>>> print(open('structure09.cif').read())   # mmCIF, C-alpha atoms
data_input
loop_
_atom_site.label_atom_id
_atom_site.label_comp_id
_atom_site.auth_asym_id
_atom_site.auth_seq_id
_atom_site.Cartn_x
_atom_site.Cartn_y
_atom_site.Cartn_z
CA MET A 200 28.05 -60.48 -27.38
CA PRO A 201 29.88 -62.61 -30.01
CA VAL A 202 33.20 -61.23 -31.25
CA ALA A 203 31.98 -61.80 -34.83
CA LEU A 204 29.88 -58.65 -34.41
CA LEU A 205 33.14 -56.68 -34.32
CA ALA A 206 33.97 -57.86 -37.83
CA LEU A 207 30.55 -56.78 -39.08
CA ALA A 208 30.92 -53.42 -37.33
CA ILE A 209 34.28 -52.81 -39.06
CA GLY A 210 32.60 -53.36 -42.42
CA ALA A 211 29.76 -51.04 -41.42
CA PHE A 212 32.31 -48.40 -40.34
CA GLY A 213 33.95 -48.46 -43.76
CA ILE A 214 30.61 -48.27 -45.55
CA GLY A 215 29.37 -45.41 -43.36
CA THR A 216 32.59 -43.49 -43.90
CA THR A 217 32.57 -43.76 -47.69
CA GLU A 218 28.88 -42.86 -47.91
CA PHE A 219 29.06 -39.63 -45.93
CA VAL A 220 32.68 -38.42 -46.26
CA MET A 221 32.06 -37.56 -49.91
CA MET A 222 30.07 -34.54 -48.70
CA GLY A 223 33.08 -33.32 -46.74
CA VAL A 224 35.64 -33.63 -49.56
CA LEU A 225 33.34 -32.64 -52.43
CA PRO A 226 35.08 -29.28 -53.10
CA GLN A 227 38.48 -30.98 -53.38
CA ALA A 228 37.13 -33.64 -55.76
CA ALA A 229 35.37 -30.99 -57.86
CA ALA A 230 38.59 -28.96 -58.20
CA ASP A 231 40.62 -32.06 -59.06
CA PHE A 232 38.17 -33.16 -61.75
CA GLY A 233 37.73 -29.62 -63.06
CA VAL A 234 33.96 -29.48 -62.56
CA ASP A 235 31.63 -27.28 -60.54
CA ILE A 236 30.12 -28.34 -57.20
CA PRO A 237 26.66 -29.30 -58.58
CA THR A 238 28.31 -31.57 -61.16
CA ALA A 239 30.57 -33.09 -58.53
CA GLY A 240 27.40 -33.74 -56.51
CA HIS A 241 26.72 -36.59 -58.93
CA LEU A 242 29.42 -38.48 -56.99
CA ILE A 243 27.03 -38.50 -54.03
CA SER A 244 23.89 -39.40 -55.97
CA ALA A 245 25.74 -42.15 -57.91
CA TYR A 246 26.58 -43.91 -54.65
CA ALA A 247 22.97 -43.64 -53.43
CA LEU A 248 21.74 -45.03 -56.76
CA GLY A 249 24.17 -47.92 -56.40
CA VAL A 250 22.71 -48.72 -52.98
CA VAL A 251 19.12 -48.68 -54.24
CA VAL A 252 19.94 -50.87 -57.25
CA GLY A 253 22.44 -53.17 -55.59
CA ALA A 254 20.53 -54.06 -52.43
CA PRO A 255 17.85 -56.17 -54.11
CA LEU A 256 19.87 -57.14 -57.19
CA LEU A 257 22.98 -58.57 -55.50
CA THR A 258 20.96 -60.19 -52.73
CA ALA A 259 18.77 -61.89 -55.34
CA VAL A 260 21.79 -63.07 -57.35
CA ALA A 261 23.52 -64.52 -54.29
CA VAL A 262 20.45 -65.73 -52.39
CA ARG A 263 21.69 -69.34 -52.15
CA LEU A 264 25.29 -68.50 -51.19
CA PRO A 265 26.44 -69.12 -47.61
CA ARG A 266 26.04 -65.80 -45.83
CA LYS A 267 29.70 -65.60 -44.81
CA THR A 268 30.66 -65.96 -48.47
CA MET A 269 28.12 -63.26 -49.30
CA LEU A 270 29.65 -60.90 -46.72
CA LEU A 271 33.18 -61.50 -48.04
CA ALA A 272 32.08 -60.96 -51.64
CA MET A 273 30.28 -57.71 -50.81
CA MET A 274 33.25 -56.32 -48.88
CA GLY A 275 35.53 -57.32 -51.76
CA LEU A 276 33.36 -55.39 -54.22
CA PHE A 277 33.19 -52.44 -51.80
CA THR A 278 36.99 -52.37 -51.46
CA LEU A 279 37.50 -52.59 -55.22
CA GLY A 280 35.02 -49.77 -55.88
CA ASN A 281 36.69 -47.42 -53.42
CA ALA A 282 40.21 -48.25 -54.61
CA LEU A 283 39.21 -47.57 -58.22
CA PHE A 284 37.48 -44.35 -57.22
CA ALA A 285 40.67 -43.15 -55.51
CA LEU A 286 42.44 -43.67 -58.86
CA SER A 287 39.71 -42.12 -61.05
CA PRO A 288 41.18 -40.09 -63.94
CA ASN A 289 38.09 -37.90 -64.41
CA GLN A 290 34.54 -37.15 -63.26
CA GLU A 291 32.91 -39.73 -65.52
CA PHE A 292 35.01 -42.60 -64.20
CA GLY A 293 34.53 -41.23 -60.70
CA VAL A 294 30.73 -41.43 -61.00
CA ALA A 295 30.96 -44.99 -62.36
CA PHE A 296 33.25 -46.16 -59.54
CA ARG A 297 31.11 -44.48 -56.87
CA PHE A 298 28.12 -46.38 -58.28
CA LEU A 299 30.19 -49.58 -58.11
CA ALA A 300 31.17 -48.87 -54.48
CA GLY A 301 27.50 -48.34 -53.56
CA LEU A 302 26.24 -51.59 -55.09
CA PRO A 303 27.24 -53.91 -52.18
CA HIS A 304 26.11 -51.51 -49.42
CA GLY A 305 22.56 -52.80 -48.93
CA ALA A 306 23.40 -56.44 -49.63
CA PHE A 307 26.14 -56.35 -46.98
CA PHE A 308 23.84 -54.88 -44.34
CA GLY A 309 21.03 -57.24 -45.32
CA ALA A 310 23.20 -60.34 -44.95
CA GLY A 311 24.98 -58.86 -41.93
CA ALA A 312 21.73 -58.24 -40.06
CA VAL A 313 20.63 -61.83 -40.63
CA VAL A 314 24.04 -63.15 -39.50
CA ALA A 315 24.11 -60.87 -36.43
CA SER A 316 20.66 -62.00 -35.31
CA SER A 317 21.60 -65.66 -35.83
CA LEU A 318 24.57 -65.39 -33.45
CA VAL A 319 22.46 -64.63 -30.36
CA GLY A 320 19.29 -65.77 -28.65
CA HIS A 321 15.85 -64.56 -29.72
CA GLY A 322 15.67 -61.94 -26.98
CA GLU A 323 18.91 -60.21 -28.06
CA ARG A 324 18.54 -60.07 -31.83
CA ALA A 325 17.79 -56.36 -32.18
CA LYS A 326 20.67 -55.56 -29.80
CA ALA A 327 23.03 -57.66 -31.94
CA VAL A 328 21.90 -55.86 -35.10
CA SER A 329 22.41 -52.50 -33.37
CA LEU A 330 25.99 -53.49 -32.50
CA MET A 331 26.69 -54.17 -36.16
CA PHE A 332 25.18 -50.77 -37.06
CA LEU A 333 27.35 -49.22 -34.34
CA GLY A 334 30.09 -49.14 -36.98
CA LEU A 335 27.84 -47.05 -39.22
CA THR A 336 27.07 -44.48 -36.53
CA LEU A 337 30.69 -44.34 -35.33
CA ALA A 338 31.65 -43.50 -38.89
CA ASN A 339 29.78 -40.21 -38.42
CA VAL A 340 31.65 -39.53 -35.18
CA ILE A 341 35.16 -40.60 -36.20
CA GLY A 342 35.46 -41.71 -39.82
CA VAL A 343 33.79 -38.77 -41.55
CA PRO A 344 35.50 -35.95 -39.60
CA LEU A 345 38.95 -37.58 -39.88
CA GLY A 346 38.36 -38.49 -43.52
CA THR A 347 37.33 -34.91 -44.26
CA LEU A 348 40.41 -33.56 -42.50
CA LEU A 349 42.65 -36.00 -44.39
CA GLY A 350 41.05 -34.96 -47.66
CA GLN A 351 41.57 -31.28 -46.92
CA GLN A 352 45.20 -31.72 -45.85
CA VAL A 353 46.46 -34.47 -48.18
CA GLY A 354 43.82 -34.83 -50.88
CA TRP A 355 40.49 -36.58 -51.36
CA ARG A 356 42.16 -39.57 -53.04
CA ALA A 357 44.00 -40.37 -49.82
CA THR A 358 40.67 -40.45 -47.98
CA PHE A 359 39.24 -43.13 -50.25
CA GLY A 360 42.52 -45.01 -50.29
CA VAL A 361 42.20 -45.31 -46.51
CA VAL A 362 38.56 -46.43 -46.93
CA ALA A 363 39.79 -49.22 -49.25
CA VAL A 364 42.27 -50.28 -46.56
CA ILE A 365 39.42 -50.39 -44.02
CA GLY A 366 37.63 -52.67 -46.48
CA LEU A 367 40.62 -55.02 -46.51
CA VAL A 368 40.69 -55.05 -42.71
CA ALA A 369 36.97 -55.89 -42.69
CA ILE A 370 37.53 -58.78 -45.14
CA ALA A 371 40.26 -60.21 -42.90
CA ALA A 372 38.10 -59.79 -39.77
CA ILE A 373 35.06 -61.44 -41.37
CA ALA A 374 37.18 -64.33 -42.66
CA LYS A 375 38.68 -64.85 -39.20
CA LEU A 376 35.83 -64.07 -36.79
CA VAL A 377 32.50 -64.81 -38.47
CA PRO A 378 31.60 -68.50 -38.14
CA HIS A 379 30.66 -70.52 -41.19
CA GLN A 380 26.94 -70.10 -41.71
CA GLY A 381 26.30 -73.00 -44.05
CA LYS A 382 23.95 -72.65 -46.97
CA PRO A 383 20.66 -70.81 -46.44
CA ALA A 384 17.66 -72.91 -45.56
CA ALA A 385 15.93 -74.77 -48.35
CA GLU A 386 13.10 -72.23 -48.41
CA ALA A 387 15.56 -69.43 -49.20
CA SER A 388 15.02 -69.54 -52.95
CA LEU A 389 14.67 -66.36 -54.96
CA ARG A 390 10.97 -67.09 -55.46
CA ASN A 391 10.38 -67.42 -51.73
CA GLU A 392 12.48 -64.34 -50.96
CA ILE A 393 10.41 -62.32 -53.42
CA GLY A 394 7.28 -63.92 -51.98
CA ALA A 395 7.97 -62.18 -48.66
CA PHE A 396 7.07 -58.89 -50.38
CA LYS A 397 3.48 -60.12 -50.76
CA ARG A 398 2.99 -59.58 -47.03
CA PRO A 399 1.35 -56.21 -46.22
CA GLN A 400 3.38 -55.90 -43.04
CA VAL A 401 6.62 -55.97 -45.04
CA HIS A 402 5.44 -53.07 -47.20
CA LEU A 403 4.32 -51.18 -44.13
CA ALA A 404 7.72 -51.67 -42.51
CA LEU A 405 9.53 -50.35 -45.60
CA ALA A 406 7.16 -47.37 -45.74
CA ILE A 407 7.83 -46.59 -42.07
CA VAL A 408 11.57 -46.52 -42.83
CA THR A 409 11.05 -44.36 -45.91
CA PHE A 410 8.86 -41.71 -44.30
CA GLY A 411 9.99 -41.92 -40.67
CA LEU A 412 13.69 -41.62 -41.52
CA GLY A 413 12.82 -39.21 -44.33
CA GLY A 414 12.08 -36.81 -41.50
CA VAL A 415 15.67 -37.11 -40.24
CA PHE A 416 17.13 -36.36 -43.67
CA ALA A 417 14.82 -33.42 -44.32
CA CYS A 418 16.63 -31.83 -41.37
CA LEU A 419 20.18 -33.14 -41.82
CA SER A 420 20.37 -32.35 -45.54
CA TYR A 421 20.21 -28.63 -44.72
CA ILE A 422 21.85 -28.66 -41.30
CA THR A 423 24.91 -26.66 -42.41
CA PRO A 424 23.01 -23.53 -43.53
CA MET A 425 20.74 -23.85 -40.48
CA LEU A 426 23.74 -23.84 -38.18
CA THR A 427 25.66 -21.08 -39.97
CA ASP A 428 22.97 -18.73 -41.30
CA VAL A 429 20.36 -19.16 -38.55
CA ALA A 430 22.11 -20.31 -35.37
CA GLY A 431 25.19 -18.16 -36.07
CA TYR A 432 27.95 -20.76 -36.02
CA SER A 433 31.05 -20.37 -38.18
CA PRO A 434 31.60 -22.93 -40.96
CA SER A 435 34.58 -24.33 -39.05
CA ASP A 436 32.26 -25.21 -36.13
CA VAL A 437 29.97 -27.35 -38.28
CA THR A 438 32.26 -30.42 -38.33
CA LEU A 439 32.29 -30.52 -34.53
CA LEU A 440 28.50 -30.15 -34.40
CA LEU A 441 28.04 -32.93 -36.93
CA SER A 442 30.22 -35.12 -34.71
CA LEU A 443 27.88 -34.23 -31.84
CA ALA A 444 24.97 -35.41 -33.99
CA GLY A 445 26.97 -38.57 -34.69
CA VAL A 446 27.34 -39.21 -30.96
CA GLY A 447 23.56 -38.88 -30.68
CA MET A 448 23.13 -41.35 -33.55
CA THR A 449 25.43 -43.84 -31.81
CA ILE A 450 23.53 -43.60 -28.53
CA GLY A 451 20.19 -43.82 -30.33
CA ASN A 452 21.28 -46.88 -32.29
CA LEU A 453 22.35 -48.77 -29.15
CA LEU A 454 19.27 -47.65 -27.21
CA GLY A 455 16.97 -48.61 -30.07
CA GLY A 456 18.37 -52.14 -30.20
CA ARG A 457 17.84 -52.70 -26.49
CA LEU A 458 14.32 -51.26 -26.47
CA ALA A 459 13.32 -53.29 -29.53
CA ASP A 460 14.25 -56.54 -27.77
CA ARG A 461 12.02 -55.59 -24.84
CA ALA A 462 8.95 -54.15 -26.56
CA LEU A 463 9.40 -53.49 -30.26
CA MET A 464 6.20 -51.73 -31.34
CA PRO A 465 5.66 -49.54 -28.24
CA SER A 466 9.32 -48.49 -28.49
CA LEU A 467 8.87 -47.67 -32.19
CA TYR A 468 5.85 -45.48 -31.40
CA ILE A 469 7.87 -43.60 -28.79
CA ALA A 470 10.86 -43.15 -31.12
CA LEU A 471 8.77 -41.74 -33.97
CA LEU A 472 6.84 -39.46 -31.63
CA ALA A 473 10.12 -38.26 -30.09
CA LEU A 474 11.55 -37.59 -33.56
CA ALA A 475 8.52 -35.55 -34.62
CA SER A 476 8.67 -33.57 -31.37
CA VAL A 477 12.40 -32.86 -31.54
CA LEU A 478 12.19 -31.73 -35.18
CA GLY A 479 9.29 -29.43 -34.31
CA ILE A 480 11.26 -28.00 -31.38
CA PHE A 481 14.28 -27.48 -33.64
CA THR A 482 12.38 -24.83 -35.61
CA ILE A 483 12.59 -22.72 -32.44
CA THR A 484 15.93 -23.75 -30.95
CA ALA A 485 17.74 -23.29 -34.28
CA GLN A 486 17.66 -19.56 -33.59
CA GLY A 487 20.41 -19.86 -30.95
CA LYS A 488 23.76 -21.62 -30.66
CA ILE A 489 23.21 -23.57 -27.44
CA GLY A 490 19.68 -24.65 -28.30
CA ALA A 491 20.72 -25.73 -31.80
CA ALA A 492 23.63 -27.83 -30.49
CA ILE A 493 21.48 -29.59 -27.89
CA THR A 494 18.67 -30.24 -30.34
CA ILE A 495 20.86 -31.63 -33.13
CA PHE A 496 22.18 -34.16 -30.63
CA PHE A 497 18.64 -35.32 -29.85
CA VAL A 498 17.72 -35.44 -33.55
CA GLY A 499 20.50 -38.02 -33.87
CA VAL A 500 19.28 -39.97 -30.84
CA ALA A 501 15.61 -40.08 -31.84
CA GLY A 502 16.24 -40.68 -35.54
CA PHE A 503 18.69 -43.55 -35.18
CA MET A 504 16.68 -45.36 -32.52
CA ILE A 505 14.40 -46.28 -35.40
CA GLY A 506 17.01 -48.14 -37.50
CA PRO A 507 17.56 -51.31 -35.43
CA MET A 508 13.87 -51.41 -34.54
CA MET A 509 12.86 -51.50 -38.18
CA GLN A 510 15.58 -53.99 -39.11
CA ALA A 511 14.27 -56.32 -36.40
CA ARG A 512 10.66 -55.68 -37.41
CA ILE A 513 11.14 -56.47 -41.07
CA MET A 514 13.10 -59.67 -40.39
CA GLU A 515 10.33 -60.76 -38.05
CA LYS A 516 7.67 -60.15 -40.71
CA ALA A 517 9.71 -61.81 -43.47
CA GLY A 518 9.53 -65.17 -41.70
CA GLY A 519 12.04 -67.73 -42.97
CA THR A 520 13.14 -65.63 -45.96
CA PRO A 521 14.66 -62.46 -44.47
CA SER A 522 17.65 -61.74 -46.74
CA LEU A 523 16.02 -59.79 -49.56
CA VAL A 524 13.64 -57.73 -47.40
CA SER A 525 16.47 -57.03 -44.95
CA ALA A 526 18.57 -55.65 -47.81
CA ALA A 527 15.55 -53.67 -49.03
CA VAL A 528 15.66 -51.69 -45.77
CA GLN A 529 18.87 -50.06 -47.05
CA SER A 530 17.14 -49.13 -50.31
CA ALA A 531 14.30 -47.61 -48.26
CA PHE A 532 16.88 -45.76 -46.15
CA ASN A 533 18.40 -44.13 -49.25
CA ILE A 534 14.98 -43.34 -50.69
CA ALA A 535 14.22 -41.67 -47.35
CA ASN A 536 17.40 -39.63 -47.83
CA SER A 537 16.25 -38.51 -51.29
CA ILE A 538 12.67 -37.73 -50.25
CA GLY A 539 13.73 -35.79 -47.17
CA ALA A 540 16.32 -33.76 -49.09
CA TYR A 541 13.90 -33.05 -51.95
CA LEU A 542 10.99 -31.91 -49.77
CA GLY A 543 13.29 -29.90 -47.53
CA GLY A 544 14.72 -28.11 -50.55
CA LEU A 545 11.23 -27.51 -51.88
CA VAL A 546 10.09 -25.53 -48.84
CA ILE A 547 13.32 -23.52 -48.79
CA ALA A 548 12.91 -22.70 -52.49
CA GLY A 549 9.31 -21.72 -51.71
CA GLY A 550 10.56 -18.97 -49.42
CA LEU A 551 9.58 -20.57 -46.10
CA GLY A 552 13.06 -20.17 -44.61
CA LEU A 553 16.03 -22.36 -43.73
CA VAL A 554 14.34 -23.92 -40.69
CA ALA A 555 11.27 -25.00 -42.69
CA PRO A 556 12.76 -28.46 -43.48
CA ASN A 557 12.35 -29.25 -39.78
CA TRP A 558 8.57 -28.85 -40.11
CA VAL A 559 8.68 -31.13 -43.16
CA GLY A 560 10.68 -33.65 -41.13
CA ALA A 561 8.22 -33.49 -38.24
CA LEU A 562 5.29 -34.15 -40.59
CA LEU A 563 7.09 -37.07 -42.23
CA ALA A 564 7.80 -38.55 -38.78
CA VAL A 565 4.11 -38.18 -37.86
CA PHE A 566 3.17 -39.97 -41.07
CA GLY A 567 5.65 -42.73 -40.22
CA LEU A 568 4.08 -42.97 -36.75
CA THR A 569 0.63 -43.31 -38.33
CA LEU A 570 1.86 -46.18 -40.49
CA ALA A 571 3.41 -47.81 -37.41
CA VAL A 572 0.09 -47.61 -35.57
CA VAL A 573 -1.65 -49.21 -38.56
CA SER A 574 0.97 -51.98 -38.54
CA GLY A 575 0.51 -52.55 -34.80
CA THR A 576 -3.27 -52.69 -35.24
CA LEU A 577 -2.85 -55.38 -37.88
CA ASP A 578 -0.67 -57.33 -35.44
CA ARG A 579 -3.40 -57.27 -32.81
CA ARG A 580 -6.07 -58.32 -35.30
CA GLU A 581 -3.93 -61.22 -36.52
CA ALA A 582 -3.24 -62.32 -32.94
CA LYS A 583 -6.94 -62.13 -32.10
CA ALA A 584 -7.83 -64.22 -35.17
CA GLU A 585 -5.24 -66.83 -34.20
CA ARG A 586 -6.64 -67.06 -30.67
CA ARG A 587 -10.13 -67.49 -32.09
CA GLU A 588 -8.97 -70.30 -34.37
CA LEU A 589 -7.22 -72.06 -31.49
CA ALA A 590 -10.34 -71.76 -29.37
CA LEU A 591 -12.49 -73.26 -32.12
CA ALA A 592 -9.98 -76.07 -32.70
CA SER A 593 -9.97 -77.01 -29.03
#
>>> encode(input="structure09.cif", output="structure tokens")
Amino acid sequence: MPVALLALAIGAFGIGTTEFVMMGVLPQAAADFGVDIPTAGHLISAYALGVVVGAPLLTAVAVRLPRKTMLLAMMGLFTLGNALFALSPNQEFGVAFRFLAGLPHGAFFGAGAVVASSLVGHGERAKAVSLMFLGLTLANVIGVPLGTLLGQQVGWRATFGVVAVIGLVAIAAIAKLVPHQGKPAAEASLRNEIGAFKRPQVHLALAIVTFGLGGVFACLSYITPMLTDVAGYSPSDVTLLLSLAGVGMTIGNLLGGRLADRALMPSLYIALLALASVLGIFTITAQGKIGAAITIFFVGVAGFMIGPMMQARIMEKAGGTPSLVSAAVQSAFNIANSIGAYLGGLVIAGGLGLVAPNWVGALLAVFGLTLAVVSGTLDRREAKAERRELALAS
């Protein structure tokens, strides 16, 4: 695999760390800013909002820039946002700078996925994308636990100062290792990029991400109370268990990339079915420590197999204008996070118990699988129509 993928993975590692470590240092930030935990939670939602807004907006603005320039600009904005957040004087500035740090998230991954796939042959594109996303999953194994520990021992500002340094390292690596991409093809105008959204298969792919991965977040959003109040773990054990889930995510990401290059749609069906099954099983295994630990690992594996598959799928369906729809995957990912967390909280508030979000997640995964089957059926119909036209032409 090209060494340039390492540079992209470093950027992904920084982004993954800053996105999720906020949850680990939220109490320290709340105390520093003099606000309660729910108010400090706006620091999390501000970042997610930045991702949803920034992914299409920044990609659209920079659609004609060389992709290497785009990657450098997005990492520069990411680094600036995190550095300013580490220096925030109060909660209001903190929310604004978290929003700023989230803006380049989707645009970076959108451009990065296109660059990664362009560096290898057609049969290795999903694998290359998964290697870039390896940085994101490793952030959950290494970056988030260490960042949380640093925040607890030294202060949350130190955590985000280190994230800004990671951003600088990523900028240097991209500048050195990523080859010049040249300007995007002539068809890569904003009008043509937007035109890709007229294709039903693009909308189906985004919906699969939203609902399929929504199932993962319905579970993970409430994993701490499940592990402590149901499985019986102590709060100090949760960090280790989340790292175990992160290992599962890393394995799933790599496995998903390899399977997608071999047989994309059949592999996607299997991944979504496996996710629905594992989440359903978790409603039972959450009652015990060993079963909960094993199952949370497989939730990570099954859930993150889907990511590289869907990134490859949507670039395939976008044709020659993949940048904007590729970035939109990150918006869909964060919408999935919001939907899963909301519906999971709804069933808990309704008195159905702390494991009920797993049932919600399983149903969302089944719905994602249904959409995937519809998408695959459309593929077969289109292929059949093409064969018929070729037969008539000959």
>>> atom_distance(input="structure09.cif", atom1="atom CA of A:Asn281", atom2="atom CA of A:Pro237")
21.3 Å
>>> closest_residue(input="structure09.cif", among="A:Val429, A:Ile341, A:Ala282, A:Ala459", to="A:Gly506", atoms="all atoms listed in the file")
A:Ala459
>>> resolve_selection(input="structure09.cif", expression="the PyMOL selection byres ((chain A and resi 547) around 12)", output="PyMOL selection string")
chain A and resi 417-418+420-421+424-425+540-546+548-559
>>> write_last_selection(input="structure09.cif", atoms="C-alpha atoms", output="mmCIF file, keeping the file's coordinate frame")
data_model
loop_
_atom_site.group_PDB
_atom_site.id
_atom_site.type_symbol
_atom_site.label_atom_id
_atom_site.label_comp_id
_atom_site.auth_asym_id
_atom_site.auth_seq_id
_atom_site.Cartn_x
_atom_site.Cartn_y
_atom_site.Cartn_z
ATOM 1 C CA ALA A 417 14.820 -33.420 -44.320
ATOM 2 C CA CYS A 418 16.630 -31.830 -41.370
ATOM 3 C CA SER A 420 20.370 -32.350 -45.540
ATOM 4 C CA TYR A 421 20.210 -28.630 -44.720
ATOM 5 C CA PRO A 424 23.010 -23.530 -43.530
ATOM 6 C CA MET A 425 20.740 -23.850 -40.480
ATOM 7 C CA ALA A 540 16.320 -33.760 -49.090
ATOM 8 C CA TYR A 541 13.900 -33.050 -51.950
ATOM 9 C CA LEU A 542 10.990 -31.910 -49.770
ATOM 10 C CA GLY A 543 13.290 -29.900 -47.530
ATOM 11 C CA GLY A 544 14.720 -28.110 -50.550
ATOM 12 C CA LEU A 545 11.230 -27.510 -51.880
ATOM 13 C CA VAL A 546 10.090 -25.530 -48.840
ATOM 14 C CA ALA A 548 12.910 -22.700 -52.490
ATOM 15 C CA GLY A 549 9.310 -21.720 -51.710
ATOM 16 C CA GLY A 550 10.560 -18.970 -49.420
ATOM 17 C CA LEU A 551 9.580 -20.570 -46.100
ATOM 18 C CA GLY A 552 13.060 -20.170 -44.610
ATOM 19 C CA LEU A 553 16.030 -22.360 -43.730
ATOM 20 C CA VAL A 554 14.340 -23.920 -40.690
ATOM 21 C CA ALA A 555 11.270 -25.000 -42.690
ATOM 22 C CA PRO A 556 12.760 -28.460 -43.480
ATOM 23 C CA ASN A 557 12.350 -29.250 -39.780
ATOM 24 C CA TRP A 558 8.570 -28.850 -40.110
ATOM 25 C CA VAL A 559 8.680 -31.130 -43.160
#
>>> resolve_selection(input="structure09.cif", expression="the PyMOL selection byres ((chain A and resi 214) around 9)", output="VMD selection string")
chain A and resid 209 to 213 215 to 219 277 300 to 301 304 334 to 335 338 362 366
>>> axis_aligned_box(input="structure09.cif", around="stretch 288-305 of chain A", padding_each_side="4 Å", output="JSON")
{"center_x": 31.9, "center_y": -45.5, "center_z": -57.2, "size_x": 26.6, "size_y": 24.8, "size_z": 24.6}
>>> residues_around(input="structure09.cif", residues="stretch 346-351 of chain A", least_positions_apart="5", cutoff="7 Å", atoms="all atoms listed in the file", output="VMD selection string")
chain A and resid 220 223 to 224 357 to 358
>>> closest_residue(input="structure09.cif", among="A:Val250, A:Leu283, A:Arg266, A:Tyr432", to="A:Pro303", atoms="all atoms listed in the file")
A:Val250
>>> residues_around(input="structure09.cif", residues="A:Leu330", least_positions_apart="4", cutoff="9 Å", atoms="all atoms listed in the file", output="list in words")
Met200, Leu204, Leu205, Leu207, Ala208, Ala315, Ala325, Lys326, Gly334, Asn452, Leu453 and Gly456 of chain A
>>> closest_residue(input="structure09.cif", among="A:Gly253, A:Gly293, A:Gly360, A:Gly309", to="A:Leu523", atoms="only C-alpha atoms")
A:Gly309
>>> closest_residue(input="structure09.cif", among="A:Leu589, A:Ala527, A:Ile236, A:Ile493", to="A:Ala259", atoms="only C-alpha atoms")
A:Ala527
>>> resolve_selection(input="structure09.cif", expression="the PyMOL selection byres ((chain A and resi 568) around 8)", output="number ranges by chain")
A: 407, 411, 468, 471-472, 564-567, 569-572
>>> write_last_selection(input="structure09.cif", atoms="C-alpha atoms", output="tab-separated table (two decimals), keeping the file's coordinate frame")
chain	number	residue	atom	x	y	z
A	407	ILE	CA	7.83	-46.59	-42.07
A	411	GLY	CA	9.99	-41.92	-40.67
A	468	TYR	CA	5.85	-45.48	-31.40
A	471	LEU	CA	8.77	-41.74	-33.97
A	472	LEU	CA	6.84	-39.46	-31.63
A	564	ALA	CA	7.80	-38.55	-38.78
A	565	VAL	CA	4.11	-38.18	-37.86
A	566	PHE	CA	3.17	-39.97	-41.07
A	567	GLY	CA	5.65	-42.73	-40.22
A	569	THR	CA	0.63	-43.31	-38.33
A	570	LEU	CA	1.86	-46.18	-40.49
A	571	ALA	CA	3.41	-47.81	-37.41
A	572	VAL	CA	0.09	-47.61	-35.57
>>> atom_distance(input="structure09.cif", atom1="atom CA of A:Leu279", atom2="atom CA of A:Phe232")
20.5 Å
>>> closest_residue(input="structure09.cif", among="A:Ser525, A:Thr409, A:Thr449, A:Thr427", to="A:Ile538", atoms="all atoms listed in the file")
A:Thr409
>>> atom_distance(input="structure09.cif", atom1="atom CA of A:Ala285", atom2="atom CA of A:Leu302")
16.7 Å
